[in-house]
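To be precise, the following lines are protein.cif, and they hold mmCIF, C-alpha atoms.
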data_final
#
loop_
_atom_site.label_atom_id
_atom_site.label_comp_id
_atom_site.auth_asym_id
_atom_site.auth_seq_id
_atom_site.Cartn_x
_atom_site.Cartn_y
_atom_site.Cartn_z
CA MET A 1 16.24 -2.67 21.41
CA ARG A 2 16.38 -6.43 21.96
CA LEU A 3 14.19 -9.31 20.80
CA ARG A 4 12.13 -10.77 23.61
CA ASP A 5 10.95 -13.95 21.87
CA ASP A 6 12.68 -16.23 19.38
CA PHE A 7 9.65 -18.28 18.24
CA VAL A 8 6.51 -16.40 17.22
CA ALA A 9 3.55 -16.77 14.87
CA VAL A 10 0.90 -14.58 13.27
CA LYS A 11 -2.11 -14.95 11.01
CA VAL A 12 -3.44 -12.41 8.52
CA PRO A 13 -6.70 -12.32 6.54
CA ALA A 14 -7.30 -12.13 2.82
CA THR A 15 -8.69 -8.83 1.62
CA SER A 16 -10.70 -7.46 -1.27
CA ALA A 17 -10.10 -3.90 -2.44
CA ASN A 18 -12.19 -1.46 -4.50
CA LEU A 19 -15.50 -3.30 -3.92
CA GLY A 20 -16.78 -1.79 -7.16
CA PRO A 21 -16.77 2.02 -6.91
CA GLY A 22 -14.21 2.50 -4.12
CA PHE A 23 -11.16 2.39 -6.36
CA ASP A 24 -7.88 2.41 -4.42
CA CYS A 25 -9.56 3.38 -1.14
CA MET A 26 -12.12 0.81 0.04
CA GLY A 27 -11.35 -2.67 1.33
CA LEU A 28 -12.84 -5.64 3.14
CA ALA A 29 -11.15 -8.29 5.31
CA LEU A 30 -12.19 -11.83 4.42
CA ASN A 31 -12.32 -14.91 6.60
CA LEU A 32 -9.48 -16.72 4.79
CA TRP A 33 -6.15 -16.67 6.61
CA ASP A 34 -2.45 -17.13 5.96
CA GLU A 35 -0.49 -18.35 8.99
CA VAL A 36 3.24 -17.71 9.39
CA CYS A 37 5.61 -18.75 12.16
CA VAL A 38 9.22 -17.66 12.62
CA HIS A 39 12.10 -19.05 14.64
CA ALA A 40 14.93 -16.53 15.11
CA VAL A 41 18.18 -18.43 14.64
CA THR A 42 21.89 -18.01 14.03
CA GLY A 43 22.58 -18.79 10.41
CA PRO A 44 21.03 -18.32 6.97
CA THR A 45 17.37 -17.65 6.29
CA PHE A 46 15.17 -20.50 5.11
CA VAL A 47 11.48 -20.35 4.25
CA GLU A 48 9.19 -23.36 4.04
CA VAL A 49 5.92 -22.82 2.17
CA GLU A 50 2.84 -24.99 1.92
CA GLY A 51 -0.41 -24.23 0.16
CA GLU A 52 -0.85 -21.32 -2.22
CA GLY A 53 2.33 -20.27 -3.99
CA ALA A 54 4.30 -23.25 -2.71
CA ASP A 55 5.93 -23.73 -6.13
CA SER A 56 6.75 -20.08 -6.76
CA VAL A 57 7.33 -18.21 -3.47
CA GLU A 58 10.93 -17.19 -2.70
CA ARG A 59 12.58 -19.35 -0.02
CA GLY A 60 15.25 -16.93 1.22
CA GLU A 61 15.89 -13.25 1.83
CA ASP A 62 13.83 -12.21 -1.21
CA ASN A 63 10.68 -13.65 0.34
CA LEU A 64 8.17 -10.80 0.79
CA VAL A 65 7.38 -11.71 4.40
CA VAL A 66 11.10 -11.76 5.25
CA ARG A 67 11.67 -8.41 3.52
CA ALA A 68 8.82 -6.81 5.50
CA LEU A 69 10.13 -8.34 8.73
CA ARG A 70 13.61 -6.95 8.14
CA LEU A 71 12.35 -3.49 7.17
CA ALA A 72 10.25 -3.34 10.35
CA LEU A 73 13.18 -4.41 12.56
CA ASP A 74 15.37 -1.76 10.95
CA ARG A 75 12.66 0.88 11.33
CA VAL A 76 12.65 0.53 15.13
CA GLY A 77 16.37 -0.20 15.59
CA ALA A 78 15.96 -3.87 16.52
CA PRO A 79 18.70 -6.41 15.70
CA GLN A 80 18.53 -8.59 12.61
CA VAL A 81 18.62 -12.37 13.00
CA GLY A 82 18.64 -15.48 10.91
CA VAL A 83 15.12 -16.65 10.11
CA ARG A 84 13.56 -20.07 9.82
CA MET A 85 10.04 -19.41 8.61
CA ARG A 86 7.07 -21.62 7.84
CA CYS A 87 4.18 -20.25 5.79
CA ALA A 88 0.80 -21.97 5.56
CA ASN A 89 -0.70 -20.01 2.67
CA ARG A 90 -4.42 -20.10 1.97
CA ILE A 91 -4.79 -16.76 0.17
CA PRO A 92 -4.51 -17.35 -3.61
CA HIS A 93 -1.70 -15.42 -5.30
CA SER A 94 -2.27 -12.85 -8.09
CA ARG A 95 -6.03 -13.30 -7.84
CA GLY A 96 -7.10 -9.97 -6.31
CA LEU A 97 -7.39 -11.20 -2.73
CA GLY A 98 -4.56 -9.23 -1.14
CA SER A 99 -1.86 -11.90 -0.95
CA SER A 100 1.02 -9.41 -1.21
CA ALA A 101 -0.50 -7.03 1.33
CA GLY A 102 -1.10 -9.99 3.62
CA ALA A 103 2.52 -11.11 3.32
CA ILE A 104 3.78 -7.62 4.13
CA VAL A 105 1.45 -7.17 7.09
CA ALA A 106 2.42 -10.61 8.39
CA GLY A 107 6.12 -9.72 8.17
CA VAL A 108 5.74 -6.48 10.14
CA ALA A 109 3.53 -8.21 12.72
CA LEU A 110 6.19 -10.92 13.12
CA ALA A 111 8.73 -8.20 13.89
CA ARG A 112 6.37 -6.83 16.54
CA ALA A 113 5.94 -10.30 18.00
CA LEU A 114 9.70 -10.94 18.13
CA ILE A 115 10.28 -7.64 19.94
CA GLY A 116 7.39 -8.37 22.28
CA GLU A 117 6.80 -4.80 23.47
CA PRO A 118 3.17 -3.58 23.30
CA SER A 119 4.25 -0.03 22.45
CA VAL A 120 6.39 -1.03 19.45
CA LEU A 121 5.01 -1.52 15.92
CA GLY A 122 1.33 -1.09 16.71
CA ARG A 123 -1.39 -1.28 14.06
CA HIS A 124 -0.86 2.30 12.88
CA ASP A 125 2.86 1.57 12.36
CA ILE A 126 2.03 -1.61 10.48
CA LEU A 127 -0.30 0.41 8.25
CA GLN A 128 2.50 2.87 7.46
CA ILE A 129 5.18 0.29 6.67
CA GLY A 130 2.73 -1.91 4.79
CA SER A 131 1.43 0.96 2.66
CA GLN A 132 4.98 2.08 1.90
CA MET A 133 5.92 -1.38 0.64
CA GLU A 134 2.62 -2.06 -1.15
CA GLY A 135 2.39 1.42 -2.68
CA HIS A 136 -1.18 2.09 -1.52
CA PRO A 137 -3.22 1.31 1.62
CA ASP A 138 -6.44 -0.18 0.22
CA ASN A 139 -5.56 -3.84 0.91
CA VAL A 140 -3.19 -3.16 3.79
CA ALA A 141 -5.80 -1.36 5.91
CA PRO A 142 -8.35 -4.21 6.14
CA ALA A 143 -5.52 -6.72 6.68
CA VAL A 144 -4.43 -4.63 9.67
CA PHE A 145 -7.78 -3.56 11.16
CA GLY A 146 -10.29 -6.15 9.95
CA GLY A 147 -13.87 -5.39 8.96
CA ALA A 148 -14.28 -2.86 6.17
CA THR A 149 -11.99 0.12 5.74
CA VAL A 150 -11.74 3.38 3.87
CA ALA A 151 -8.07 4.30 3.46
CA TRP A 152 -6.14 7.16 1.92
CA THR A 153 -2.76 8.91 2.01
CA ASN A 154 -2.63 12.28 3.77
CA GLU A 155 -1.11 14.71 1.28
CA GLU A 156 0.37 16.93 4.00
CA THR A 157 2.05 14.19 6.03
CA SER A 158 2.41 11.47 3.35
CA GLN A 159 1.05 9.10 6.01
CA ALA A 160 -1.50 6.39 5.32
CA GLU A 161 -4.76 6.83 7.19
CA ALA A 162 -7.77 4.57 7.56
CA VAL A 163 -11.24 4.46 9.04
CA ARG A 164 -12.62 1.09 10.10
CA LEU A 165 -16.27 0.19 9.52
CA SER A 166 -18.25 -2.71 11.01
CA PRO A 167 -20.33 -4.26 8.23
CA PRO A 168 -23.80 -5.60 9.07
CA ASP A 169 -24.61 -9.29 8.82
CA ASP A 170 -26.09 -8.71 5.35
CA ILE A 171 -22.52 -8.39 4.06
CA SER A 172 -21.45 -12.01 3.67
CA PRO A 173 -18.89 -12.23 0.84
CA VAL A 174 -18.61 -15.11 -1.59
CA ALA A 175 -15.47 -15.37 -3.75
CA PHE A 176 -15.37 -16.85 -7.26
CA ILE A 177 -11.72 -17.68 -7.92
CA PRO A 178 -10.53 -18.61 -11.44
CA ASP A 179 -7.62 -20.79 -12.44
CA PHE A 180 -5.74 -17.92 -14.11
CA GLU A 181 -3.78 -15.00 -12.68
CA VAL A 182 -3.73 -11.27 -13.34
CA HIS A 183 -0.85 -9.22 -11.98
CA THR A 184 -1.66 -5.84 -10.45
CA ALA A 185 0.78 -3.99 -12.71
CA GLU A 186 -0.91 -5.43 -15.78
CA ALA A 187 -4.36 -4.44 -14.50
CA ARG A 188 -3.22 -0.90 -13.68
CA ALA A 189 -1.62 -0.45 -17.08
CA ALA A 190 -5.05 -0.85 -18.67
CA LEU A 191 -6.48 2.19 -16.88
CA PRO A 192 -6.85 5.53 -18.72
CA ALA A 193 -4.92 8.58 -17.54
CA THR A 194 -8.12 10.63 -17.23
CA VAL A 195 -11.82 9.90 -16.77
CA PRO A 196 -14.92 11.93 -17.67
CA HIS A 197 -16.33 14.13 -14.92
CA VAL A 198 -19.68 12.37 -15.18
CA ASP A 199 -18.04 8.99 -14.43
CA ALA A 200 -16.13 10.39 -11.45
CA ARG A 201 -19.37 11.85 -10.07
CA TYR A 202 -21.13 8.52 -10.64
CA ASN A 203 -18.52 6.63 -8.61
CA VAL A 204 -18.33 9.21 -5.81
CA ALA A 205 -22.06 8.82 -5.19
CA ARG A 206 -21.95 5.03 -5.16
CA ALA A 207 -18.77 4.79 -3.09
CA SER A 208 -20.38 7.11 -0.55
CA LEU A 209 -23.46 4.91 -0.46
CA LEU A 210 -21.34 1.78 -0.11
CA ALA A 211 -19.43 3.28 2.84
CA ALA A 212 -22.74 4.08 4.51
CA LEU A 213 -23.99 0.54 4.00
CA LEU A 214 -20.73 -1.00 5.25
CA SER A 215 -20.96 1.12 8.41
CA GLY A 216 -24.14 -0.70 9.37
CA ASN A 217 -25.92 2.57 10.12
CA ALA A 218 -27.58 3.39 6.79
CA ARG A 219 -31.26 4.26 6.81
CA ALA A 220 -32.81 4.53 3.37
CA SER A 221 -35.73 6.70 2.37
CA GLY A 222 -38.73 5.29 0.54
CA GLY A 223 -38.47 1.85 2.12
CA ALA A 224 -35.51 0.70 0.05
CA GLN A 225 -34.09 -2.62 1.19
CA MET A 226 -30.46 -3.44 1.88
CA HIS A 227 -30.17 -5.67 -1.18
CA SER A 228 -31.38 -3.07 -3.67
CA LEU A 229 -29.13 -0.44 -2.09
CA LEU A 230 -26.16 -2.81 -2.27
CA MET A 231 -26.81 -3.51 -5.93
CA GLU A 232 -26.69 0.23 -6.65
CA ALA A 233 -23.72 0.84 -4.34
CA THR A 234 -21.51 -1.68 -6.15
CA ARG A 235 -21.77 -0.14 -9.62
CA ASP A 236 -18.57 1.21 -11.15
CA ARG A 237 -17.49 3.28 -14.15
CA LEU A 238 -13.84 3.96 -13.33
CA HIS A 239 -11.85 0.75 -13.61
CA GLN A 240 -13.60 -2.59 -14.12
CA GLU A 241 -14.55 -2.29 -17.80
CA HIS A 242 -11.15 -0.81 -18.65
CA ARG A 243 -9.58 -4.07 -17.46
CA ARG A 244 -11.78 -6.35 -19.55
CA SER A 245 -8.99 -7.32 -21.97
CA SER A 246 -6.97 -8.92 -19.15
CA MET A 247 -9.91 -10.67 -17.46
CA GLU A 248 -12.77 -11.16 -19.89
CA PRO A 249 -14.13 -14.20 -18.01
CA SER A 250 -14.27 -12.19 -14.76
CA LEU A 251 -16.26 -9.34 -16.29
CA SER A 252 -18.58 -11.85 -17.92
CA LEU A 253 -19.12 -13.51 -14.55
CA VAL A 254 -19.82 -10.14 -12.90
CA LYS A 255 -22.47 -9.45 -15.56
CA TRP A 256 -24.01 -12.90 -15.10
CA LEU A 257 -24.10 -12.63 -11.31
CA ARG A 258 -25.57 -9.15 -11.36
CA GLY A 259 -28.18 -10.38 -13.84
CA ALA A 260 -29.01 -13.04 -11.25
CA ASP A 261 -29.49 -10.24 -8.69
CA CYS A 262 -26.17 -10.65 -6.86
CA ALA A 263 -24.10 -7.61 -5.81
CA ALA A 264 -20.95 -8.76 -7.62
CA VAL A 265 -17.72 -6.86 -8.33
CA VAL A 266 -14.18 -7.59 -9.45
CA SER A 267 -12.07 -8.19 -6.34
CA GLY A 268 -9.13 -5.79 -6.31
CA ALA A 269 -7.18 -5.97 -9.55
CA GLY A 270 -8.89 -9.29 -10.32
CA PRO A 271 -9.43 -11.79 -11.63
CA THR A 272 -11.42 -13.06 -8.61
CA VAL A 273 -15.04 -11.96 -8.53
CA LEU A 274 -16.68 -11.16 -5.21
CA SER A 275 -20.35 -11.11 -4.32
CA LEU A 276 -20.91 -9.01 -1.19
CA GLU A 277 -23.93 -11.09 -0.22
CA PRO A 278 -24.80 -14.79 -0.21
CA VAL A 279 -25.62 -16.52 -3.48
CA GLY A 280 -27.94 -19.42 -4.16
CA ALA A 281 -26.86 -23.04 -4.38
CA ASP A 282 -27.74 -23.11 -8.08
CA ILE A 283 -25.42 -20.19 -8.79
CA ARG A 284 -22.58 -21.80 -6.82
CA ARG A 285 -23.12 -25.07 -8.68
CA ASP A 286 -23.18 -23.47 -12.14
CA ALA A 287 -20.11 -21.34 -11.43
CA ALA A 288 -18.18 -24.36 -10.16
CA ALA A 289 -19.17 -26.32 -13.25
CA ALA A 290 -17.73 -23.48 -15.35
CA GLY A 291 -14.37 -23.79 -13.58
CA TRP A 292 -14.65 -21.24 -10.77
CA ARG A 293 -13.64 -22.15 -7.22
CA VAL A 294 -16.44 -20.82 -5.03
CA LEU A 295 -15.66 -19.92 -1.40
CA GLU A 296 -18.21 -18.58 1.08
CA LEU A 297 -15.90 -16.47 3.22
CA GLY A 298 -17.70 -13.95 5.36
CA VAL A 299 -16.10 -10.85 6.84
CA ALA A 300 -13.08 -11.14 9.15
CA ALA A 301 -13.95 -8.87 12.06
CA ARG A 302 -10.31 -8.71 13.19
CA GLY A 303 -7.17 -7.99 11.24
CA VAL A 304 -3.72 -9.47 11.71
CA GLN A 305 -3.25 -11.37 14.97
CA ILE A 306 -0.25 -12.60 16.91
CA THR A 307 -0.92 -16.24 17.78
CA ARG A 308 2.35 -17.20 19.47
CA GLY A 309 4.70 -15.09 21.57
CA ALA A 310 4.47 -12.77 24.55
CA LEU A 311 1.91 -10.54 22.81
CA ALA A 312 -0.39 -13.40 21.85
CA THR A 313 -2.15 -13.25 25.20
CA ALA A 314 -1.53 -9.58 25.90
CA GLY A 315 -3.52 -8.47 22.84
CA PHE A 316 -2.31 -6.39 19.96
#
As structure tokens - that is how I would like this structure written.
Amino acid sequence: MRLRDDFVAVKVPATSANLGPGFDCMGLALNLWDEVCVHAVTGPTFVEVEGEGADSVERGEDNLVVRALRLALDRVGAPQVGVRMRCANRIPHSRGLGSSAGAIVAGVALARALIGEPSVLGRHDILQIGSQMEGHPDNVAPAVFGGATVAWTNEETSQAEAVRLSPPDDISPVAFIPDFEVHTAEARAALPATVPHVDARYNVARASLLAALLSGNARASGGAQMHSLLMEATRDRLHQEHRRSSMEPSLSLVKWLRGADCAAVVSGAGPTVLSLEPVGADIRRDAAAAGWRVLELGVAARGVQITRGALATAGF
């Protein structure tokens, strides 16, 4: 298999996983994008980075985008090349907004773009490779498909699977991003090995409700409004409180926002906090004054996109 193009580019959205009760399975694509372009060359790999992570991201073969690109090329038997890569990063790193999943998805999509064949490395393939590298599909799925997703690993096939949902306009996320980081491994280490049956049942009910709301087809009995349903659907007993020691300010902000009638959750492993609906100007102002960067993001209806190369105009 040969490479059709030698200069390609992609963009990939930020994502938020868990969304409260949907631990390790639910995700949302956010309208905040990393953009990466690659020139296939003869010679050593070099990565130029601007924006988020510019002082810490690897500049050679250890770069996560490069590693995903190389794995994808190997997976389909395509030749390896030298890489000159430029990354314009807007997704904050180690903040619970899917930066690592985005980097992996971008790398596999770049391999697809370089090969330039519509039948090679489609979205389902990107989901598989991305989930393999990331270890779970909850952030990878929305980065690939856009919108909201419910993702899981099929026990019989060991393949990642996902269902895409189209959230209604009521879902308009706002991110509250702190100036400190929490690494996913640290956040996972805080979780207990077992949970009470009553807590599991509590989360199953609310995750089911949240999936119904994110599908845009929910019809409530008794005249319940979307906002009140969303407040109930974003409650959690499985993971957020267990992680308090590593992100006390985030859990305090969640409590404050929910007290102000905002459907707020910890985004992924944190420490970013996400409201799934708009918040008032006074809340944005007070949060910013307390040191939080507040971004009104909205939902990204599409996942990763090829923006330069033969497949940019042919569609994904």
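The residue that comes closest to A:Glu134, out of A:Ala205, A:Gly98, A:Pro168, A:Ala212 and on the basis of all atoms listed in the file, is A:Gly98.
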**Request:** Quick one: everything within 10 Å of stretch 295-298 of chain A, counting all atoms listed in the file, minus sequence neighbours fewer than 5 positions away in the same chain. Send it as a PyMOL selection string.
**Result:** chain A and resi 14+28-32+169-177+274-279+284
Counting only C-alpha atoms, give me one row per residue of stretch 89-195 of chain A with an atom at most 9 Å from an atom of stretch 227-246 of chain A, showing the shortest contact pair and its distance in Å to one decimal, sorted by chain then residue number, as JSON lines.
{"residue": "A:Asp170", "atom": "CA", "partner": "A:His227", "partner_atom": "CA", "distance": 8.3}
{"residue": "A:Val182", "atom": "CA", "partner": "A:Ser246", "partner_atom": "CA", "distance": 7.1}
{"residue": "A:Glu186", "atom": "CA", "partner": "A:Ser246", "partner_atom": "CA", "distance": 7.8}
{"residue": "A:Ala187", "atom": "CA", "partner": "A:Arg243", "partner_atom": "CA", "distance": 6.0}
{"residue": "A:Arg188", "atom": "CA", "partner": "A:Arg243", "partner_atom": "CA", "distance": 8.0}
{"residue": "A:Ala189", "atom": "CA", "partner": "A:Arg243", "partner_atom": "CA", "distance": 8.8}
{"residue": "A:Ala190", "atom": "CA", "partner": "A:Arg243", "partner_atom": "CA", "distance": 5.7}
{"residue": "A:Leu191", "atom": "CA", "partner": "A:His242", "partner_atom": "CA", "distance": 5.8}
{"residue": "A:Pro192", "atom": "CA", "partner": "A:His242", "partner_atom": "CA", "distance": 7.7}
{"residue": "A:Val195", "atom": "CA", "partner": "A:Leu238", "partner_atom": "CA", "distance": 7.2}
**Request:** Please determine the residues with any atom at most 8 Å from (-1.1, -21.3, -2.5) (coordinates as given in the file, with all atoms listed in the file counting) and report them as a list of chain:residue names.
**Result:** A:Glu50, A:Gly51, A:Glu52, A:Gly53, A:Ala54, A:Asn89, A:Arg90, A:Ile91, A:Pro92, A:His93
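Minimum distance to A:Val105 across A:Ala310, A:Leu127, A:Leu19, A:Val81 (counting only C-alpha atoms) occurs at A:Leu127.
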**Item:** Minimum-distance residue to A:Arg123, chosen among A:Ala143, A:Ala40, A:Ile283, A:Val254 (using all atoms listed in the file)
**Value:** A:Ala143
**Prompt:** Written as a ChimeraX atom specification, which residues does the PyMOL selection byres ((chain A and resi 22) around 12) give for the file shown?
**Reply:** /A:16-21,23-28,138-139,148-152,200,202-211,214,233-240,265-268
**Asked** In Å, with one decimal, what is the gap from atom CA of A:Leu69 to atom CA of A:Arg112?
**Response** 8.8 Å
**Asked** On this structure, which residues satisfy the PyMOL selection byres ((chain A and resi 1) around 9), written as a VMD selection string?
**Response** chain A and resid 2 to 3 76 to 79 115
**Item:** Which residue of A:Val41, A:Leu114, A:Cys87, A:Pro137 approaches A:Leu73 most closely, using all atoms listed in the file
**Value:** A:Leu114
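Between atom CA of A:Cys37 and atom CA of A:Ala106 the separation is 9.5 Å.
You will find atom CA of A:Arg70 at 19.8 Å from atom CA of A:His136.
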Taking every listed atom of stretch 296-306 of chain A and adding 3 Å to each side, what centre and edge lengths in Å (one decimal) does the axis-aligned box have, as JSON?
{"center_x": -9.2, "center_y": -13.3, "center_z": 9.0, "size_x": 24.0, "size_y": 16.6, "size_z": 21.8}
**Request:** Place a sphere of radius 7 Å on (10.3, -22.5, 10.0) in the file coordinates and name every protein, DNA or RNA residue with an atom inside or on its surface, counting only C-alpha atoms; give the answer as a list in words.
**Result:** Cys37, Val38, His39, Val47, Glu48, Arg84, Met85 and Arg86 of chain A
**Request:** Report as a list of chain:residue names the full result of the PyMOL selection byres ((chain A and resi 316) around 10) when it is applied to this structure.
**Result:**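 What the PyMOL selection byres ((chain A and resi 316) around 10) grabs from the file is A:Ala109, A:Arg112, A:Ala113, A:Glu117, A:Pro118, A:Ser119, A:Leu121, A:Gly122, A:Arg123, A:Val304, A:Gln305, A:Ile306, A:Leu311, A:Ala312, A:Thr313, A:Ala314, A:Gly315.
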Just C-alpha atoms for this one: save the residues we selected as a PDB file, keeping the file's coordinate frame.
ATOM      1  CA  ALA A 109       3.530  -8.210  12.720  1.00  0.00           C
ATOM      2  CA  ARG A 112       6.370  -6.830  16.540  1.00  0.00           C
ATOM      3  CA  ALA A 113       5.940 -10.300  18.000  1.00  0.00           C
ATOM      4  CA  GLU A 117       6.800  -4.800  23.470  1.00  0.00           C
ATOM      5  CA  PRO A 118       3.170  -3.580  23.300  1.00  0.00           C
ATOM      6  CA  SER A 119       4.250  -0.030  22.450  1.00  0.00           C
ATOM      7  CA  LEU A 121       5.010  -1.520  15.920  1.00  0.00           C
ATOM      8  CA  GLY A 122       1.330  -1.090  16.710  1.00  0.00           C
ATOM      9  CA  ARG A 123      -1.390  -1.280  14.060  1.00  0.00           C
ATOM     10  CA  VAL A 304      -3.720  -9.470  11.710  1.00  0.00           C
ATOM     11  CA  GLN A 305      -3.250 -11.370  14.970  1.00  0.00           C
ATOM     12  CA  ILE A 306      -0.250 -12.600  16.910  1.00  0.00           C
ATOM     13  CA  LEU A 311       1.910 -10.540  22.810  1.00  0.00           C
ATOM     14  CA  ALA A 312      -0.390 -13.400  21.850  1.00  0.00           C
ATOM     15  CA  THR A 313      -2.150 -13.250  25.200  1.00  0.00           C
ATOM     16  CA  ALA A 314      -1.530  -9.580  25.900  1.00  0.00           C
ATOM     17  CA  GLY A 315      -3.520  -8.470  22.840  1.00  0.00           C
TER      18      GLY A 315
END
